[in-house]
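Note: the block below is structure-v8.cif and it holds mmCIF, C-alpha atoms.
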```
data_work
loop_
_atom_site.label_atom_id
_atom_site.label_comp_id
_atom_site.auth_asym_id
_atom_site.auth_seq_id
_atom_site.Cartn_x
_atom_site.Cartn_y
_atom_site.Cartn_z
CA MET A 10 -37.74 -25.99 -59.23
CA THR A 11 -40.39 -23.34 -59.46
CA ALA A 12 -39.82 -19.84 -60.81
CA SER A 13 -40.34 -18.29 -57.35
CA VAL A 14 -37.67 -20.56 -55.83
CA ARG A 15 -35.31 -19.74 -58.69
CA ARG A 16 -35.85 -16.01 -58.10
CA ALA A 17 -35.36 -16.40 -54.33
CA GLY A 18 -31.82 -17.71 -54.78
CA SER A 19 -30.99 -15.74 -57.91
CA LEU A 20 -28.05 -13.39 -57.93
CA GLY A 21 -29.39 -10.95 -60.48
CA PRO A 22 -27.34 -9.56 -63.35
CA ARG A 23 -25.19 -7.08 -61.37
CA ARG A 24 -24.26 -9.56 -58.66
CA ARG A 25 -23.59 -12.28 -61.22
CA ARG A 26 -21.34 -9.90 -63.14
CA ALA A 27 -19.52 -9.01 -59.89
CA LEU A 28 -19.05 -12.74 -59.21
CA TYR A 29 -17.57 -13.26 -62.68
CA VAL A 30 -15.28 -10.21 -62.51
CA ILE A 31 -14.01 -11.10 -59.03
CA GLY A 32 -13.64 -14.79 -59.92
CA VAL A 33 -11.71 -14.09 -63.11
CA GLY A 34 -9.66 -11.42 -61.33
CA VAL A 35 -8.59 -13.64 -58.44
CA TRP A 36 -7.84 -16.58 -60.76
CA LEU A 37 -5.97 -14.51 -63.35
CA THR A 38 -3.84 -12.59 -60.83
CA GLY A 39 -2.99 -15.83 -59.02
CA GLY A 40 -2.04 -17.48 -62.31
CA LEU A 41 0.05 -14.50 -63.36
CA TRP A 42 1.82 -14.54 -60.00
CA LEU A 43 2.64 -18.23 -60.57
CA ILE A 44 4.05 -17.52 -64.03
CA PHE A 45 6.15 -14.58 -62.82
CA HIS A 46 7.29 -16.41 -59.67
CA TYR A 47 8.34 -19.68 -61.29
CA PHE A 48 9.04 -18.93 -64.94
CA LEU A 49 10.15 -15.31 -65.24
CA VAL A 50 12.91 -15.26 -62.63
CA ARG A 51 16.03 -13.47 -63.76
CA GLN A 52 19.57 -14.44 -62.84
CA GLY A 53 21.29 -11.65 -61.00
CA GLU A 54 24.86 -11.24 -59.91
CA PHE A 55 24.21 -13.15 -56.67
CA GLY A 56 21.60 -15.68 -57.86
CA PRO A 57 17.93 -15.66 -58.86
CA VAL A 58 16.13 -12.30 -58.73
CA ALA A 59 12.34 -12.05 -58.64
CA ASN A 60 10.63 -10.24 -61.47
CA PRO A 61 9.52 -6.78 -60.25
CA LEU A 62 5.94 -7.45 -61.42
CA GLU A 63 5.65 -10.56 -59.23
CA ALA A 64 4.97 -8.47 -56.12
CA TRP A 65 2.27 -6.48 -57.94
CA TRP A 66 0.49 -9.63 -59.08
CA LEU A 67 0.51 -10.88 -55.48
CA LYS A 68 -0.88 -7.57 -54.19
CA LEU A 69 -3.64 -7.59 -56.82
CA HIS A 70 -4.35 -11.23 -56.00
CA GLY A 71 -4.76 -10.27 -52.34
CA ALA A 72 -7.16 -7.46 -53.26
CA PHE A 73 -9.25 -9.76 -55.43
CA ALA A 74 -9.12 -12.43 -52.71
CA PHE A 75 -10.56 -9.91 -50.26
CA ALA A 76 -13.35 -9.19 -52.74
CA ALA A 77 -13.83 -12.96 -53.18
CA LEU A 78 -14.43 -13.28 -49.43
CA TRP A 79 -17.11 -10.61 -49.75
CA ILE A 80 -18.77 -12.31 -52.72
CA PHE A 81 -18.66 -15.69 -50.93
CA GLY A 82 -20.47 -14.12 -47.98
CA LEU A 83 -23.04 -12.69 -50.39
CA LEU A 84 -23.46 -16.08 -52.07
CA TRP A 85 -23.85 -17.76 -48.71
CA GLY A 86 -26.57 -15.34 -47.65
CA ILE A 87 -28.66 -15.06 -50.81
CA HIS A 88 -27.86 -18.14 -52.85
CA ILE A 89 -26.55 -21.13 -50.90
CA THR A 90 -28.78 -20.96 -47.81
CA LYS A 91 -31.91 -20.23 -49.84
CA LEU A 92 -31.42 -23.03 -52.36
CA TRP A 93 -29.77 -25.72 -50.19
CA LYS A 94 -33.13 -27.01 -48.93
CA HIS A 95 -34.34 -27.62 -52.50
CA LYS A 96 -31.54 -30.15 -53.12
CA ASN A 97 -30.86 -28.91 -56.65
CA ARG A 98 -27.16 -28.99 -57.51
CA ARG A 99 -26.35 -29.59 -53.84
CA TRP A 100 -23.37 -31.83 -54.63
CA SER A 101 -21.74 -29.47 -57.10
CA GLY A 102 -22.48 -26.42 -54.96
CA GLY A 103 -21.26 -28.13 -51.79
CA ILE A 104 -18.02 -29.17 -53.47
CA LEU A 105 -17.54 -25.65 -54.85
CA ALA A 106 -18.17 -24.08 -51.42
CA GLY A 107 -15.81 -26.61 -49.80
CA ILE A 108 -13.08 -25.79 -52.31
CA PHE A 109 -13.54 -22.11 -51.61
CA VAL A 110 -13.22 -22.75 -47.86
CA LEU A 111 -9.97 -24.67 -48.52
CA LEU A 112 -8.68 -21.71 -50.56
CA ILE A 113 -9.55 -19.32 -47.72
CA LEU A 114 -7.83 -21.54 -45.16
CA SER A 115 -4.71 -22.11 -47.26
CA GLY A 116 -4.53 -18.39 -48.15
CA TYR A 117 -4.76 -17.51 -44.45
CA LEU A 118 -2.00 -20.00 -43.65
CA LEU A 119 0.19 -18.59 -46.45
CA TYR A 120 -0.19 -15.14 -44.96
CA TYR A 121 0.41 -16.08 -41.33
CA VAL A 122 2.60 -19.22 -41.27
CA GLY A 123 6.24 -18.21 -41.23
CA ASP A 124 7.70 -21.73 -41.15
CA ASP A 125 9.76 -22.17 -44.32
CA THR A 126 9.41 -25.96 -44.22
CA VAL A 127 5.58 -25.98 -44.31
CA ARG A 128 5.01 -22.89 -46.44
CA PRO A 129 5.98 -24.46 -49.82
CA LEU A 130 3.51 -27.31 -49.21
CA ILE A 131 0.72 -24.89 -48.28
CA SER A 132 1.54 -22.82 -51.35
CA MET A 133 1.36 -25.85 -53.64
CA VAL A 134 -1.99 -26.90 -52.15
CA HIS A 135 -3.34 -23.36 -52.52
CA TRP A 136 -2.38 -22.82 -56.13
CA GLY A 137 -3.15 -26.43 -57.07
CA ILE A 138 -6.71 -26.02 -55.83
CA GLY A 139 -6.98 -22.47 -57.18
CA LEU A 140 -6.02 -23.46 -60.71
CA THR A 141 -8.83 -26.05 -60.81
CA ILE A 142 -11.64 -23.83 -59.53
CA PRO A 143 -12.88 -22.75 -63.00
CA PHE A 144 -13.57 -26.42 -63.75
CA TRP A 145 -15.66 -26.81 -60.57
CA PHE A 146 -17.53 -23.56 -61.23
CA VAL A 147 -18.43 -24.58 -64.79
CA TRP A 148 -19.44 -28.05 -63.54
CA HIS A 149 -21.78 -26.44 -61.00
CA ARG A 150 -23.27 -24.13 -63.63
CA ILE A 151 -23.96 -26.87 -66.20
CA GLN A 152 -25.64 -29.12 -63.63
CA ARG A 153 -28.79 -27.03 -64.05
CA ARG A 154 -28.88 -27.79 -67.78
CA VAL A 155 -28.20 -31.47 -67.21
CA ARG A 156 -30.92 -31.65 -64.56
CA GLN A 157 -33.38 -29.73 -66.76
CA ARG A 158 -32.67 -32.00 -69.73
CA SER A 159 -33.34 -35.08 -67.56
CA ALA A 160 -36.59 -33.58 -66.28
CA ASP A 161 -37.70 -32.73 -69.83
CA GLN A 162 -36.95 -36.28 -70.99
CA MET A 163 -38.93 -37.75 -68.10
CA LYS A 164 -41.85 -35.43 -68.85
CA SER A 165 -41.72 -36.41 -72.53
CA MET A 166 -41.68 -40.11 -71.67
CA LYS A 167 -44.72 -39.72 -69.38
CA GLN A 168 -46.64 -37.89 -72.10
CA HIS A 169 -46.01 -40.74 -74.57
CA VAL A 170 -47.17 -43.44 -72.19
#
```

Can you dump the structure from the file as structure tokens?
Amino acid sequence: MTASVRRAGSLGPRRRRALYVIGVGVWLTGGLWLIFHYFLVRQGEFGPVANPLEAWWLKLHGAFAFAALWIFGLLWGIHITKLWKHKNRRWSGGILAGIFVLLILSGYLLYYVGDDTVRPLISMVHWGIGLTIPFWFVWHRIQRRVRQRSADQMKSMKQHV
């Protein structure tokens, strides 16, 4: 990949920092909601009582999720569409984008589906996928290094022949 192609799809330092802050924020608030929802429930006089901070974690998660929709749109416009034709990291980026679409869809369903029989399944799918997203993000990021290392090895082998 040439330097001009790399610059064309580059996020730049401020956008990259925004991506990291929003990504960590949405993941951390979702994880904290899970902990407070499932592990920090108190027993009240009439049964289990939700921790008062649980609702705040969910509200913050929603705010970060809204920002994540914005950053995904930004990524789609300046990163994904510009670099897709160059076929570099297409698999890892495609999987990451697909996972994000599943998170958007499951989050939408959690917000709008009122059926108590389906909602727990949607919730489990949403947080199950959400908890794994840092792995997929890191995998996508390191593919550049792996690809570069392979290219350097091929170049080195050609020079020795």

Distance CA of Val35 in chain A-CA of Ala77 in chain A, one decimal place?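 CA of Ala77 in chain A lies 7.5 Å from CA of Val35 in chain A.
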
Expected selection from the PyMOL selection byres ((chain A and resi 38) around 10), given as an MDAnalysis selection string: chainID A and resid 33:37 39:44 63 65:74

Select, from A:Tyr117, A:Phe45, A:Phe109, A:Phe75, the residue with the minimum atom-to-atom distance to Ile142 in chain A, counting all atoms listed in the file.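 Of A:Tyr117, A:Phe45, A:Phe109, A:Phe75, the one nearest Ile142 in chain A, counting all atoms listed in the file, is A:Phe109.
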
Residue contacts of Ile138 in chain A (12 Å, all atoms listed in the file) excluding same-chain residues fewer than 2 positions away, as an NGL selection string: :A and (36 or 39-40 or 104-105 or 107-116 or 131-136 or 140-145)

Output C-alpha atoms for every residue in that selection, as an mmCIF file, keeping the file's coordinate frame.
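This is the output file part_14.cif:
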```cif
data_model
loop_
_atom_site.group_PDB
_atom_site.id
_atom_site.type_symbol
_atom_site.label_atom_id
_atom_site.label_comp_id
_atom_site.auth_asym_id
_atom_site.auth_seq_id
_atom_site.Cartn_x
_atom_site.Cartn_y
_atom_site.Cartn_z
ATOM 1 C CA TRP A 36 -7.840 -16.580 -60.760
ATOM 2 C CA GLY A 39 -2.990 -15.830 -59.020
ATOM 3 C CA GLY A 40 -2.040 -17.480 -62.310
ATOM 4 C CA ILE A 104 -18.020 -29.170 -53.470
ATOM 5 C CA LEU A 105 -17.540 -25.650 -54.850
ATOM 6 C CA GLY A 107 -15.810 -26.610 -49.800
ATOM 7 C CA ILE A 108 -13.080 -25.790 -52.310
ATOM 8 C CA PHE A 109 -13.540 -22.110 -51.610
ATOM 9 C CA VAL A 110 -13.220 -22.750 -47.860
ATOM 10 C CA LEU A 111 -9.970 -24.670 -48.520
ATOM 11 C CA LEU A 112 -8.680 -21.710 -50.560
ATOM 12 C CA ILE A 113 -9.550 -19.320 -47.720
ATOM 13 C CA LEU A 114 -7.830 -21.540 -45.160
ATOM 14 C CA SER A 115 -4.710 -22.110 -47.260
ATOM 15 C CA GLY A 116 -4.530 -18.390 -48.150
ATOM 16 C CA ILE A 131 0.720 -24.890 -48.280
ATOM 17 C CA SER A 132 1.540 -22.820 -51.350
ATOM 18 C CA MET A 133 1.360 -25.850 -53.640
ATOM 19 C CA VAL A 134 -1.990 -26.900 -52.150
ATOM 20 C CA HIS A 135 -3.340 -23.360 -52.520
ATOM 21 C CA TRP A 136 -2.380 -22.820 -56.130
ATOM 22 C CA LEU A 140 -6.020 -23.460 -60.710
ATOM 23 C CA THR A 141 -8.830 -26.050 -60.810
ATOM 24 C CA ILE A 142 -11.640 -23.830 -59.530
ATOM 25 C CA PRO A 143 -12.880 -22.750 -63.000
ATOM 26 C CA PHE A 144 -13.570 -26.420 -63.750
ATOM 27 C CA TRP A 145 -15.660 -26.810 -60.570
#
```

By how many Å are CA of Gly102 in chain A and CA of His149 in chain A apart?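 CA of His149 in chain A lies at a distance of 6.1 Å from CA of Gly102 in chain A.
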
Mind pulling up the distance from CA of Leu84 in chain A to CA of Leu20 in chain A?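 Answer for the CA of Leu20 in chain A to CA of Leu84 in chain A separation: 7.9 Å.
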
Pick from A:Pro22, A:Gly32, A:Gly103, A:Gly139, whichever lies nearest to Trp79 in chain A using all atoms listed in the file: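 Checking each candidate against Trp79 in chain A, we get A:Gly32 as the closest.
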
Counting all atoms listed in the file, which residue out of A:Ile151, A:Ala59, A:Arg51, A:Ile80 sits closest to Val30 in chain A?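 So, comparing all the options, the nearest one is A:Ile80.
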
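With only C-alpha atoms as the atoms that count, the minimum distance from Ala76 in chain A to the choices A:Ala106, A:Leu130, A:Ala27, A:Leu49 is reached by A:Ala27.
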